[in-house]
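*Asks:* Just passing along the structure, written as structure tokens.
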Amino acid sequence: MPLTLNELYTQTKHQYHLSMIAGETGIDHIMNWVYVSEGSSTHNFLKGGELIITTGINCQDEASLYDFIETMIKSHTCGMILNTGKYILSEDITDSIKALCDKHNYPLIEMPWKVHIYDITRDYYNKIFMDTQKDTSITDAFLSFIEEDSLHHYDALRILEDNHFEKEDCYEIALMKCNKKAISDDLKLRLLFLMESYIKLNDLDIHIAFYKNHFLFVFHDMEEELIYNEMSSLISTLESSFKKTQIYAGIGSSVHTLREIRVSYQRSLAALVYAANNGQEIARFEEMGFFRILHSVNDKNLLMAYHDEYLKDIEEYDEIHDTNYLETLHQYLLCNGSIQHVASNMFCHRNTITYRIRVIEDHWNLKLDDTVERFHLMTAFFIRDYLNFQLSII
């Protein structure tokens with residue numbers, strides 16, 4: 001889990017003589033880097049989450065310092081340390097500057113000139129690096145179970161147990177993706193930053209990673225209803241920050257050992273595909289109905305053969321003759337044989353639908369009044385949709 005400014009401030013405030021002078025309510029912001037900056041011109045290089053350290057050499061009047069801090073707030077940095085005593089003094093930090101930081105929950109910290117910037121930045125870089133290494137090792141440990149890398153299970157288990165993820169416990173995987181075939185590094189970092197901030201602020205026990213072009217969430221000992229609510233709330237938070245980005249999520253099933261976590265991952269992947277293809281923000285595997293059974297069939301050739309046995313001839317006929325018998329049959333089954341409903345759904349006259357159904361029954365020797373026959377046909381349509389879903393997203 002990423003560091004917060006609060007963690008580093010608490011650990012080092014005495015060592016570096018730090019004092020919080022404004023914006024203390026934002027102290028729990030995620031901090032992912034330290035950036036020494038002496039002016040607003042550097043804001044284009046910022047990704048969000050940086051702790052800014054400045055001597056104020058280019059901000060030696062109230063207006064320029066105010067503008068500099070305001071720019072850093074708009075750049076979504078997590079806070080600022082003012083190295084006072086030479087270029088800016090304590091009294092230069094006016095009430096209006098403090099009010100600006102308080103308004104935006106932006107921590108403003110004072111550090112005396114006698115403390116060298118090099119010392120604190122080196123220390124913070126090391127702490128961030130160590131935290132990143134720890135986070136990466138946890139991710140790799142979970143992935144060894146997801147990928148069934150049995151050669152590394154012993155080491156993975158040791159790492160996870162050292163970080164309070166017990167071998168026998170409740171785990172559930174969720175996956176999230178946005179409506180872009182490839183996510184740029186910049187967008188990935190910005191989305192991860194918001195996700196991590198949300199998790200920290202809400203004190204949730206969730207591990208996040210980016211895996212195979214998806215955001216992977218490992219929920220630990222959390223009720224399924226709460227998982228759904230938190231994912232829904234997180235999607236709303238992300239979409240409010242990225243207006244043109246559509247977010248989809250799939251939630252797998254809960255499992256009770258680390259060795260079963262692959263099952264939850266595979267089911268979350270199926271749920272993600274289901275959500276994206278149905279235009280849903282979130283889908284739970286447990287709510288996918290018949291698709292859960294299809295997901296459990298490992299032999300996709302068997303599914304394709306079943307589909308072809310019942311639908312391929314009609315499909316090929318439509319392609320050759322530019323007809324619409326297959327969709328008419330599908331609607332007929334969905335509407336439980338109601339000609340009027342099929343006609344309404346397909347914007348056709350009922351006589352047209354009646355004619356098509358007669359052709360379907362005669363040409364392909366189908367008995368649409370037979371319950372078993374209709375079941376087989378409906379199953380074939382489910383298989384068609386399922387296989388199309390698998391090909392379209394993953």
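Here, A, B, ... name the chains of the structure tokens in the order displayed, residue numbers run from 1 inside each chain, and ligands are numbered from 1 in the same displayed order.
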Can you pull out every residue within 6 Å of range 3-10 of chain A, counting only C-alpha atoms, but drop anything in the same chain fewer than 4 positions away, and send it as a ChimeraX atom specification?
*Replies:* /A:27-31
*Asks:* According to DSSP computed on the backbone, where in range 264-352 of chain A is there helix (DSSP H, G or I)? Give the residues as a PyMOL selection string.
*Replies:* chain A and resi 264-278+285-287+291-295+300-321+325-334+339-346+350-352
*Asks:* Name the residues of range 136-289 of chain A that come out as strand (DSSP E or B) in a backbone DSSP run; write them as an mmCIF file with all heavy atoms, in the first residue's frame.
*Replies:*
```cif
data_model
loop_
_atom_site.group_PDB
_atom_site.id
_atom_site.type_symbol
_atom_site.label_atom_id
_atom_site.label_comp_id
_atom_site.auth_asym_id
_atom_site.auth_seq_id
_atom_site.Cartn_x
_atom_site.Cartn_y
_atom_site.Cartn_z
ATOM 1 N N TYR A 171 -10.632 -14.355 0.445
ATOM 2 C CA TYR A 171 -10.114 -13.467 -0.589
ATOM 3 C C TYR A 171 -11.114 -13.392 -1.741
ATOM 4 O O TYR A 171 -11.835 -14.353 -2.020
ATOM 5 C CB TYR A 171 -8.764 -13.961 -1.122
ATOM 6 C CG TYR A 171 -7.676 -13.992 -0.086
ATOM 7 C CD1 TYR A 171 -7.374 -15.170 0.604
ATOM 8 C CD2 TYR A 171 -6.957 -12.845 0.229
ATOM 9 C CE1 TYR A 171 -6.389 -15.201 1.567
ATOM 10 C CE2 TYR A 171 -5.959 -12.871 1.193
ATOM 11 C CZ TYR A 171 -5.682 -14.048 1.859
ATOM 12 O OH TYR A 171 -4.705 -14.071 2.816
ATOM 13 N N GLU A 172 -11.115 -12.250 -2.393
ATOM 14 C CA GLU A 172 -11.970 -12.090 -3.579
ATOM 15 C C GLU A 172 -11.287 -11.131 -4.542
ATOM 16 O O GLU A 172 -10.790 -10.080 -4.141
ATOM 17 C CB GLU A 172 -13.352 -11.570 -3.189
ATOM 18 C CG GLU A 172 -14.350 -11.619 -4.337
ATOM 19 C CD GLU A 172 -15.794 -11.672 -3.842
ATOM 20 O OE1 GLU A 172 -16.014 -11.885 -2.633
ATOM 21 O OE2 GLU A 172 -16.692 -11.522 -4.675
ATOM 22 N N ILE A 173 -11.264 -11.513 -5.817
ATOM 23 C CA ILE A 173 -10.619 -10.704 -6.854
ATOM 24 C C ILE A 173 -11.676 -9.905 -7.610
ATOM 25 O O ILE A 173 -12.767 -10.399 -7.899
ATOM 26 C CB ILE A 173 -9.862 -11.594 -7.853
ATOM 27 C CG1 ILE A 173 -8.755 -12.379 -7.153
ATOM 28 C CG2 ILE A 173 -9.279 -10.756 -8.990
ATOM 29 C CD1 ILE A 173 -7.596 -11.570 -6.694
ATOM 30 N N ALA A 174 -11.337 -8.668 -7.926
ATOM 31 C CA ALA A 174 -12.132 -7.858 -8.853
ATOM 32 C C ALA A 174 -11.181 -7.269 -9.890
ATOM 33 O O ALA A 174 -10.005 -7.027 -9.599
ATOM 34 C CB ALA A 174 -12.865 -6.739 -8.119
ATOM 35 N N LEU A 175 -11.682 -7.090 -11.089
ATOM 36 C CA LEU A 175 -10.898 -6.496 -12.168
ATOM 37 C C LEU A 175 -11.612 -5.262 -12.687
ATOM 38 O O LEU A 175 -12.845 -5.199 -12.696
ATOM 39 C CB LEU A 175 -10.698 -7.484 -13.317
ATOM 40 C CG LEU A 175 -9.795 -8.693 -13.056
ATOM 41 C CD1 LEU A 175 -9.851 -9.654 -14.237
ATOM 42 C CD2 LEU A 175 -8.365 -8.253 -12.806
ATOM 43 N N MET A 176 -10.827 -4.300 -13.132
ATOM 44 C CA MET A 176 -11.392 -3.058 -13.663
ATOM 45 C C MET A 176 -10.636 -2.670 -14.918
ATOM 46 O O MET A 176 -9.420 -2.863 -15.010
ATOM 47 C CB MET A 176 -11.287 -1.941 -12.613
ATOM 48 C CG MET A 176 -11.918 -0.628 -13.016
ATOM 49 S SD MET A 176 -11.708 0.640 -11.731
ATOM 50 C CE MET A 176 -12.855 0.055 -10.489
ATOM 51 N N LYS A 177 -11.344 -2.146 -15.887
ATOM 52 C CA LYS A 177 -10.702 -1.619 -17.093
ATOM 53 C C LYS A 177 -11.506 -0.431 -17.594
ATOM 54 O O LYS A 177 -12.667 -0.244 -17.209
ATOM 55 C CB LYS A 177 -10.573 -2.693 -18.164
ATOM 56 C CG LYS A 177 -11.845 -2.972 -18.961
ATOM 57 C CD LYS A 177 -11.674 -4.101 -19.941
ATOM 58 C CE LYS A 177 -10.600 -3.876 -20.951
ATOM 59 N NZ LYS A 177 -10.834 -2.790 -21.895
ATOM 60 N N CYS A 178 -10.861 0.379 -18.426
ATOM 61 C CA CYS A 178 -11.574 1.500 -19.038
ATOM 62 C C CYS A 178 -11.767 1.217 -20.517
ATOM 63 O O CYS A 178 -11.214 0.268 -21.066
ATOM 64 C CB CYS A 178 -10.841 2.818 -18.804
ATOM 65 S SG CYS A 178 -9.210 2.898 -19.518
ATOM 66 N N ILE A 206 -7.333 -3.484 0.784
ATOM 67 C CA ILE A 206 -7.352 -3.905 -0.621
ATOM 68 C C ILE A 206 -5.955 -3.726 -1.195
ATOM 69 O O ILE A 206 -5.311 -2.704 -0.978
ATOM 70 C CB ILE A 206 -8.342 -3.064 -1.458
ATOM 71 C CG1 ILE A 206 -9.731 -3.064 -0.833
ATOM 72 C CG2 ILE A 206 -8.410 -3.595 -2.888
ATOM 73 C CD1 ILE A 206 -10.686 -2.082 -1.480
ATOM 74 N N HIS A 207 -5.493 -4.745 -1.927
ATOM 75 C CA HIS A 207 -4.224 -4.619 -2.640
ATOM 76 C C HIS A 207 -4.524 -4.396 -4.119
ATOM 77 O O HIS A 207 -5.336 -5.102 -4.709
ATOM 78 C CB HIS A 207 -3.370 -5.873 -2.466
ATOM 79 C CG HIS A 207 -2.035 -5.772 -3.134
ATOM 80 N ND1 HIS A 207 -0.988 -5.055 -2.588
ATOM 81 C CD2 HIS A 207 -1.585 -6.260 -4.318
ATOM 82 C CE1 HIS A 207 0.054 -5.122 -3.386
ATOM 83 N NE2 HIS A 207 -0.281 -5.850 -4.444
ATOM 84 N N ILE A 208 -3.853 -3.398 -4.730
ATOM 85 C CA ILE A 208 -4.081 -3.061 -6.134
ATOM 86 C C ILE A 208 -2.828 -3.344 -6.939
ATOM 87 O O ILE A 208 -1.703 -3.104 -6.481
ATOM 88 C CB ILE A 208 -4.440 -1.574 -6.321
ATOM 89 C CG1 ILE A 208 -5.606 -1.172 -5.451
ATOM 90 C CG2 ILE A 208 -4.785 -1.280 -7.776
ATOM 91 C CD1 ILE A 208 -5.973 0.292 -5.609
ATOM 92 N N ALA A 209 -3.031 -3.822 -8.173
ATOM 93 C CA ALA A 209 -1.922 -3.994 -9.115
ATOM 94 C C ALA A 209 -2.451 -3.776 -10.527
ATOM 95 O O ALA A 209 -3.669 -3.775 -10.750
ATOM 96 C CB ALA A 209 -1.320 -5.389 -8.986
ATOM 97 N N PHE A 210 -1.529 -3.551 -11.464
ATOM 98 C CA PHE A 210 -1.901 -3.458 -12.870
ATOM 99 C C PHE A 210 -1.395 -4.721 -13.543
ATOM 100 O O PHE A 210 -0.192 -5.017 -13.529
ATOM 101 C CB PHE A 210 -1.287 -2.215 -13.505
ATOM 102 C CG PHE A 210 -1.809 -1.937 -14.890
ATOM 103 C CD1 PHE A 210 -3.077 -1.404 -15.062
ATOM 104 C CD2 PHE A 210 -1.036 -2.215 -16.013
ATOM 105 C CE1 PHE A 210 -3.573 -1.148 -16.328
ATOM 106 C CE2 PHE A 210 -1.522 -1.963 -17.282
ATOM 107 C CZ PHE A 210 -2.791 -1.429 -17.444
ATOM 108 N N TYR A 211 -2.299 -5.493 -14.145
ATOM 109 C CA TYR A 211 -1.947 -6.818 -14.649
ATOM 110 C C TYR A 211 -2.707 -7.096 -15.944
ATOM 111 O O TYR A 211 -3.935 -7.045 -15.981
ATOM 112 C CB TYR A 211 -2.290 -7.867 -13.582
ATOM 113 C CG TYR A 211 -2.033 -9.294 -13.968
ATOM 114 C CD1 TYR A 211 -0.755 -9.744 -14.272
ATOM 115 C CD2 TYR A 211 -3.078 -10.227 -13.995
ATOM 116 C CE1 TYR A 211 -0.512 -11.075 -14.601
ATOM 117 C CE2 TYR A 211 -2.852 -11.557 -14.315
ATOM 118 C CZ TYR A 211 -1.564 -11.971 -14.622
ATOM 119 O OH TYR A 211 -1.335 -13.285 -14.955
ATOM 120 N N HIS A 214 -5.338 -4.657 -17.116
ATOM 121 C CA HIS A 214 -6.457 -4.453 -16.198
ATOM 122 C C HIS A 214 -5.925 -4.015 -14.837
ATOM 123 O O HIS A 214 -4.789 -4.303 -14.479
ATOM 124 C CB HIS A 214 -7.261 -5.749 -16.004
ATOM 125 C CG HIS A 214 -7.781 -6.349 -17.267
ATOM 126 N ND1 HIS A 214 -7.521 -7.643 -17.632
ATOM 127 C CD2 HIS A 214 -8.542 -5.822 -18.248
ATOM 128 C CE1 HIS A 214 -8.107 -7.895 -18.792
ATOM 129 N NE2 HIS A 214 -8.730 -6.806 -19.185
ATOM 130 N N PHE A 215 -6.770 -3.349 -14.088
ATOM 131 C CA PHE A 215 -6.472 -3.051 -12.693
ATOM 132 C C PHE A 215 -7.028 -4.190 -11.850
ATOM 133 O O PHE A 215 -8.211 -4.514 -11.943
ATOM 134 C CB PHE A 215 -7.085 -1.715 -12.278
ATOM 135 C CG PHE A 215 -6.525 -0.550 -13.048
ATOM 136 C CD1 PHE A 215 -7.197 -0.053 -14.154
ATOM 137 C CD2 PHE A 215 -5.321 0.030 -12.680
ATOM 138 C CE1 PHE A 215 -6.680 1.005 -14.879
ATOM 139 C CE2 PHE A 215 -4.793 1.093 -13.398
ATOM 140 C CZ PHE A 215 -5.462 1.575 -14.501
ATOM 141 N N LEU A 216 -6.159 -4.796 -11.065
ATOM 142 C CA LEU A 216 -6.516 -5.966 -10.282
ATOM 143 C C LEU A 216 -6.633 -5.587 -8.808
ATOM 144 O O LEU A 216 -5.742 -4.949 -8.250
ATOM 145 C CB LEU A 216 -5.458 -7.059 -10.475
ATOM 146 C CG LEU A 216 -5.671 -8.403 -9.780
ATOM 147 C CD1 LEU A 216 -5.072 -9.521 -10.637
ATOM 148 C CD2 LEU A 216 -5.032 -8.440 -8.393
ATOM 149 N N PHE A 217 -7.745 -5.968 -8.188
ATOM 150 C CA PHE A 217 -7.999 -5.675 -6.778
ATOM 151 C C PHE A 217 -8.090 -6.995 -6.015
ATOM 152 O O PHE A 217 -8.874 -7.874 -6.401
ATOM 153 C CB PHE A 217 -9.321 -4.915 -6.599
ATOM 154 C CG PHE A 217 -9.368 -3.585 -7.284
ATOM 155 C CD1 PHE A 217 -9.561 -3.491 -8.657
ATOM 156 C CD2 PHE A 217 -9.220 -2.411 -6.550
ATOM 157 C CE1 PHE A 217 -9.608 -2.261 -9.287
ATOM 158 C CE2 PHE A 217 -9.273 -1.174 -7.175
ATOM 159 C CZ PHE A 217 -9.455 -1.100 -8.545
ATOM 160 N N VAL A 218 -7.301 -7.125 -4.965
ATOM 161 C CA VAL A 218 -7.416 -8.279 -4.073
ATOM 162 C C VAL A 218 -8.080 -7.803 -2.786
ATOM 163 O O VAL A 218 -7.502 -7.033 -2.010
ATOM 164 C CB VAL A 218 -6.040 -8.896 -3.749
ATOM 165 C CG1 VAL A 218 -6.224 -10.126 -2.854
ATOM 166 C CG2 VAL A 218 -5.302 -9.279 -5.028
ATOM 167 N N PHE A 219 -9.317 -8.234 -2.581
ATOM 168 C CA PHE A 219 -10.053 -7.888 -1.359
ATOM 169 C C PHE A 219 -9.773 -8.948 -0.306
ATOM 170 O O PHE A 219 -9.810 -10.147 -0.597
ATOM 171 C CB PHE A 219 -11.551 -7.813 -1.636
ATOM 172 C CG PHE A 219 -11.957 -6.642 -2.482
ATOM 173 C CD1 PHE A 219 -11.940 -6.724 -3.868
ATOM 174 C CD2 PHE A 219 -12.345 -5.450 -1.892
ATOM 175 C CE1 PHE A 219 -12.298 -5.644 -4.652
ATOM 176 C CE2 PHE A 219 -12.712 -4.363 -2.669
ATOM 177 C CZ PHE A 219 -12.691 -4.459 -4.054
ATOM 178 N N HIS A 220 -9.527 -8.486 0.896
ATOM 179 C CA HIS A 220 -9.136 -9.384 1.978
ATOM 180 C C HIS A 220 -10.170 -9.314 3.099
ATOM 181 O O HIS A 220 -10.375 -8.261 3.703
ATOM 182 C CB HIS A 220 -7.749 -8.964 2.499
ATOM 183 C CG HIS A 220 -7.228 -9.822 3.601
ATOM 184 N ND1 HIS A 220 -6.402 -9.341 4.586
ATOM 185 C CD2 HIS A 220 -7.428 -11.135 3.886
ATOM 186 C CE1 HIS A 220 -6.097 -10.308 5.418
ATOM 187 N NE2 HIS A 220 -6.712 -11.407 5.017
ATOM 188 N N ILE A 247 -15.709 3.287 -17.247
ATOM 189 C CA ILE A 247 -15.052 2.273 -16.431
ATOM 190 C C ILE A 247 -15.955 1.052 -16.270
ATOM 191 O O ILE A 247 -17.157 1.195 -16.051
ATOM 192 C CB ILE A 247 -14.707 2.824 -15.023
ATOM 193 C CG1 ILE A 247 -13.908 4.130 -15.123
ATOM 194 C CG2 ILE A 247 -13.957 1.772 -14.209
ATOM 195 C CD1 ILE A 247 -12.511 3.978 -15.602
ATOM 196 N N TYR A 248 -15.371 -0.140 -16.410
ATOM 197 C CA TYR A 248 -16.101 -1.384 -16.199
ATOM 198 C C TYR A 248 -15.388 -2.209 -15.128
ATOM 199 O O TYR A 248 -14.163 -2.159 -15.004
ATOM 200 C CB TYR A 248 -16.168 -2.214 -17.484
ATOM 201 C CG TYR A 248 -16.827 -1.512 -18.637
ATOM 202 C CD1 TYR A 248 -16.067 -0.963 -19.662
ATOM 203 C CD2 TYR A 248 -18.207 -1.398 -18.709
ATOM 204 C CE1 TYR A 248 -16.668 -0.312 -20.736
ATOM 205 C CE2 TYR A 248 -18.823 -0.753 -19.771
ATOM 206 C CZ TYR A 248 -18.042 -0.203 -20.779
ATOM 207 O OH TYR A 248 -18.650 0.434 -21.814
ATOM 208 N N ALA A 249 -16.156 -3.001 -14.390
ATOM 209 C CA ALA A 249 -15.559 -3.857 -13.360
ATOM 210 C C ALA A 249 -16.267 -5.200 -13.311
ATOM 211 O O ALA A 249 -17.472 -5.296 -13.556
ATOM 212 C CB ALA A 249 -15.628 -3.184 -11.988
ATOM 213 N N GLY A 250 -15.486 -6.228 -13.013
ATOM 214 C CA GLY A 250 -16.022 -7.564 -12.813
ATOM 215 C C GLY A 250 -15.582 -8.087 -11.458
ATOM 216 O O GLY A 250 -14.413 -7.941 -11.091
ATOM 217 N N ILE A 251 -16.500 -8.666 -10.720
ATOM 218 C CA ILE A 251 -16.207 -9.182 -9.382
ATOM 219 C C ILE A 251 -16.334 -10.696 -9.392
ATOM 220 O O ILE A 251 -17.360 -11.240 -9.805
ATOM 221 C CB ILE A 251 -17.170 -8.577 -8.335
ATOM 222 C CG1 ILE A 251 -17.056 -7.052 -8.325
ATOM 223 C CG2 ILE A 251 -16.882 -9.141 -6.949
ATOM 224 C CD1 ILE A 251 -18.073 -6.367 -7.432
ATOM 225 N N VAL A 255 -13.063 -16.864 -2.163
ATOM 226 C CA VAL A 255 -12.393 -18.144 -1.926
ATOM 227 C C VAL A 255 -11.772 -18.083 -0.536
ATOM 228 O O VAL A 255 -11.648 -17.001 0.056
ATOM 229 C CB VAL A 255 -11.320 -18.441 -2.992
ATOM 230 C CG1 VAL A 255 -11.962 -18.622 -4.361
ATOM 231 C CG2 VAL A 255 -10.266 -17.337 -3.047
ATOM 232 N N ILE A 282 -20.701 -2.621 -13.462
ATOM 233 C CA ILE A 282 -20.177 -3.717 -12.649
ATOM 234 C C ILE A 282 -21.012 -4.972 -12.890
ATOM 235 O O ILE A 282 -22.232 -4.901 -13.011
ATOM 236 C CB ILE A 282 -20.234 -3.392 -11.140
ATOM 237 C CG1 ILE A 282 -19.586 -2.056 -10.830
ATOM 238 C CG2 ILE A 282 -19.557 -4.497 -10.318
ATOM 239 C CD1 ILE A 282 -19.703 -1.658 -9.370
ATOM 240 N N ALA A 283 -20.329 -6.107 -12.963
ATOM 241 C CA ALA A 283 -21.029 -7.392 -12.996
ATOM 242 C C ALA A 283 -20.392 -8.308 -11.955
ATOM 243 O O ALA A 283 -19.176 -8.318 -11.793
ATOM 244 C CB ALA A 283 -20.941 -8.023 -14.374
ATOM 245 N N ARG A 284 -21.242 -9.043 -11.260
ATOM 246 C CA ARG A 284 -20.762 -10.080 -10.338
ATOM 247 C C ARG A 284 -20.848 -11.428 -11.043
ATOM 248 O O ARG A 284 -21.838 -11.715 -11.723
ATOM 249 C CB ARG A 284 -21.643 -10.137 -9.094
ATOM 250 C CG ARG A 284 -21.538 -8.952 -8.163
ATOM 251 C CD ARG A 284 -22.671 -9.063 -7.183
ATOM 252 N NE ARG A 284 -22.520 -8.225 -6.006
ATOM 253 C CZ ARG A 284 -23.521 -7.794 -5.281
ATOM 254 N NH1 ARG A 284 -24.750 -8.138 -5.595
ATOM 255 N NH2 ARG A 284 -23.317 -7.037 -4.224
#
```
*Asks:* To one decimal in Å, tell me the separation between CA of Pro2 in chain A and CA of Val34 in chain A.
*Replies:*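 One can read the CA of Pro2 in chain A to CA of Val34 in chain A distance as 13.6 Å.
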*Asks:* Give me the residues near range 233-239 of chain A as a list of chain:residue names, where near means some atom within 8 Å (using only C-alpha atoms) and where sequence neighbours in that chain fewer than 6 positions away do not count.
*Replies:*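 Contacts, with the query itself left out: A:Leu191, A:Leu194, A:Met195, A:Tyr198, A:Thr245, A:Gln246, A:Ile247, A:Tyr248, A:Glu281.
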*Asks:* Need to verify the contact set: Glu91 in chain A, 12 Å, only C-alpha atoms, exclusion of same-chain residues closer than 3 positions in sequence. Can you return it as a ChimeraX atom specification?
*Replies:* /A:21,60-62,84-85,87-88,94-95,97-98,110
*Asks:* Which residues come within 12 Å of Asn336 in chain A, counting only C-alpha atoms, excluding same-chain residues fewer than 6 positions away, as a list in words?
*Replies:*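 Once the nearby chain positions are removed, what remains is Leu329, His330, Val342, Leu368, Asp369, Asp370, Thr371, Arg374, Phe375 and Met378 of chain A.
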*Asks:* Pick from A:Arg356, A:Phe382, A:Asp362, A:Lys312: nearest to Met288 in chain A, with only C-alpha atoms counted?
*Replies:* A:Phe382
*Asks:* Got a sec: who's within 9 Å of Trp364 in chain A, counting only C-alpha atoms, leaving out chain neighbours fewer than 5 positions off, as a compact mmCIF listing (two decimals) with C-alpha atoms, in the first residue's frame?
*Replies:*
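Saved as out_33.txt:
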```txt
# COMPACT_ATOMS: atom_id res chain seq x y z
CA ASP A 313 -26.70 -23.48 -41.12
CA ILE A 314 -29.10 -20.59 -40.43
CA VAL A 359 -39.78 -20.81 -43.12
```
*Asks:* Could you list, as a PyMOL selection string, every residue within 10 Å of His307 in chain A, counting only C-alpha atoms and ignoring same-chain residues fewer than 4 positions away?
*Replies:* chain A and resi 301-303+311-312+376-384+387
